[in-house]
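Peer 1: Below are the structure tokens for one structure; questions will follow.
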Amino acid sequence: MIYNIIILSLREIKRNLLRSILTTLGIVIGVASVVMIVTLGEGTKIQVETEISKLGSTMMTISPGTRRHRGASQSAKPFDIKDVEAIRRESSFISDVAPLSMKRLLVIYGNENRRSQVAGTDKHFTDVRSWALSSGRNFSYAEEASGKSVCIIGETIRKELYKSSNFLGTNLRIGKISCQVIGLLESKGEVMFSGDQDDIVVVPLKFFQRRISGNDDINQIYASSINEYMLQDAKQEIELIMNERRPQRDGTESRYSVRAVQEMSAAFQGTSAVMTAFLSAIAAISLLVGGIGIMNIMLVSVTERTREIGIRMAIGAREREVLLQFLIESSMLSLFGGIIGIILGLLGALVIAPLMDIPVIIQLDLIIFVFIFSALVGVVFGFVPAKRASQLDPIDALRHE
């Protein structure tokens with residue numbers, strides 16, 4: 001019986017093909033929107049996790065806070081090397097600490113030049129950032145202590161300034177100051193939080209302070225916990241150390257801030273999840289509109305086929321069979337819309353994801369859920385027309401013109 005009803009439903013859908021296509025349009029748009037938005041949202045989540053791994057999943061940044069001066073907000077006093085030494089000496093949950101002072105300067109080699117980030121730090125910088133060297137070597141303690149004019153370059157500097165020529169041992173100019181290239185950092189590429197990570201020249205901190213900044217200030221301190229599980233303990237430990245070194249004099253003063261990279265990731269992913277849910281809810285309205293469209297067309301179909309229903313009931317068809325026929329017909333319309341919507345949604349994600357530079361994550365559970373949900377839309381919104389068809393009086397139906 002079910003097989004015969006399915007054949008009859010397919011025949012009826014085929015007989016009014018254009019009307020059937022237009023009827024399912026709301027379902028197609030709703031399903032395609034939900035599938036595309038959720039797929040892109042999952043890809044964004046994976047991309048953020050990948051970006052965080054580039055920065056270092058256990059890394060924290062300690063920055064000077066803000067203070068009020070004559071009614072205006074100003075940056076608090078920068079750090080100094082004693083702050084770095086205190087964290088390194090007194091912490092038990094920290095594996096590495098590195099000072100950091102940065103300035104964007106013109107970097108020159110031969111006839112090539114570009115404005116890049118110049119970072120003054122020490123040899124622990126690569127450990128804190130989980131950033132290995134692809135060639136050359138790191139700073140020696142003697143080079144750090146004396147502030148020797150040596151540097152380590154990023155992959156972007158190598159590509160843009162050196163092209164295909166050998167770079168190790170060459171002299172690179174930072175503004176008017178020359179330094180010898182001793183190493184090359186592995187490529188980390190673009191990071192959404194920090195731009196191009198490879199566009200950097202790393203020099204010893206003392207060299208930076210004496211020859212570039214002209215002071216002993218440290219703009220930031222990088223620290224990494226022993227592992228991800230100790231991240232919060234390490235953060236609290238840093239706060240205790242810094243509270244002792246920077247006592248609060250004014251209740252409105254922010255002396256420093258400690259931010260874990262994972263916290264930035266969680267905040268971004270939380271915002272992304274809310275936006276994905278919000279956009280999905282808006283897209284789901286199309287499913288409601290599509291369901292109403294199916295109910296409307298099925299009511300029209302019941303009116304058009306009143307004599308057919310009367311004949312079927314007169315020759316022995318029961319109310320349950322008539323009800324089932326119209327329910328299956330409405331469900332098939334909704335299912336066809338759901339299948340087309342799933343295909344279009346995945347194709348849309350495949351087209352848009354490369355433009356957003358995110359991976360496409362196809363979720364089988366999402367596809368199954370949307371498929372079942374689209375079928376339920378047909379059942380729910382097709383029930384009223386189906387019920388009306390099953391309750392027609394055979395005699396009145398046969399008299400219908």
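Note on naming: chains are A, B, ... as they come in the structure tokens, residues start from 1 per chain, ligands start from 1 in the order shown.
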Find the residues near segment 140-154 of chain A: any atom within 7 Å, counting only C-alpha atoms, skip ones fewer than 6 places away on the same chain, and give them as an MDAnalysis selection string.

Peer 2: chainID A and resid 122 179:185 198:207

Peer 1: So that I can check the surroundings of segment 290-307 of chain A, please list as a list of chain:residue names every protein, DNA and RNA residue that reaches within 7 Å of it, counting only C-alpha atoms and ignoring chain neighbours fewer than 5 positions away.

Peer 2: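 In the requested format, the answer is A:Thr23, A:Thr24, A:Leu25, A:Gly26, A:Ile27, A:Ser330, A:Val377, A:Gly378, A:Phe381, A:Gly382, A:Pro385, A:Ala389, A:Ala397, A:Leu398, A:His400.
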
Peer 1: Could you check the closest approach to Asp217 of chain A for each of A:Leu172, A:Leu240, A:Leu105, A:Val84 and tell me which residue wins, using only C-alpha atoms?

Peer 2: A:Val84

Peer 1: Would you work out the distance separating atom CA of Val128 of chain A from atom CA of Met59 of chain A, expressed in Å to one decimal?

Peer 2: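 One can read the atom CA of Val128 of chain A to atom CA of Met59 of chain A distance as 6.5 Å.
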
Peer 1: As a list of chain:residue names, please: the residues near segment 78-80 of chain A (cut-off 8 Å, only C-alpha atoms, same-chain neighbours under 3 positions excluded).

Peer 2: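 Those residues are A:Pro64, A:Asp83, A:Val84, A:Asp216, A:Asp217, A:Ile218, A:Asn219, A:Gln220.
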
Peer 1: Which polymer residues have any atom within 10 Å of an atom of Ile212 of chain A, counting only C-alpha atoms, with same-chain residues fewer than 3 positions away left out, as a PDB file with C-alpha atoms, in the first residue's frame?

Peer 2:
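As a result, out.pdb now contains:
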ATOM      1  CA  MET A 102      58.792  46.322  19.190  1.00  0.00           C
ATOM      2  CA  LYS A 103      58.961  49.090  16.640  1.00  0.00           C
ATOM      3  CA  LEU A 105      61.115  50.382  10.965  1.00  0.00           C
ATOM      4  CA  VAL A 118      61.676  44.891  14.660  1.00  0.00           C
ATOM      5  CA  GLY A 120      64.013  43.312  20.768  1.00  0.00           C
ATOM      6  CA  ILE A 174      67.521  48.474  10.188  1.00  0.00           C
ATOM      7  CA  GLY A 175      67.101  52.159   9.494  1.00  0.00           C
ATOM      8  CA  LYS A 176      70.692  53.413   9.629  1.00  0.00           C
ATOM      9  CA  ILE A 177      71.945  50.550  11.814  1.00  0.00           C
ATOM     10  CA  LEU A 205      67.038  43.295  23.653  1.00  0.00           C
ATOM     11  CA  LYS A 206      70.096  45.317  24.684  1.00  0.00           C
ATOM     12  CA  PHE A 207      70.894  46.070  21.054  1.00  0.00           C
ATOM     13  CA  PHE A 208      67.313  47.271  20.572  1.00  0.00           C
ATOM     14  CA  GLN A 209      67.375  49.428  23.710  1.00  0.00           C
ATOM     15  CA  ASN A 215      65.719  53.567  26.692  1.00  0.00           C
TER      16      ASN A 215
END

Peer 1: Let's see if you can do this: from backbone DSSP, list all strand (DSSP E) residues in segment 10-146 of chain A, as an NGL selection string.

Peer 2: :A and (59-69 or 72-75 or 94-109 or 112-121 or 133-136)
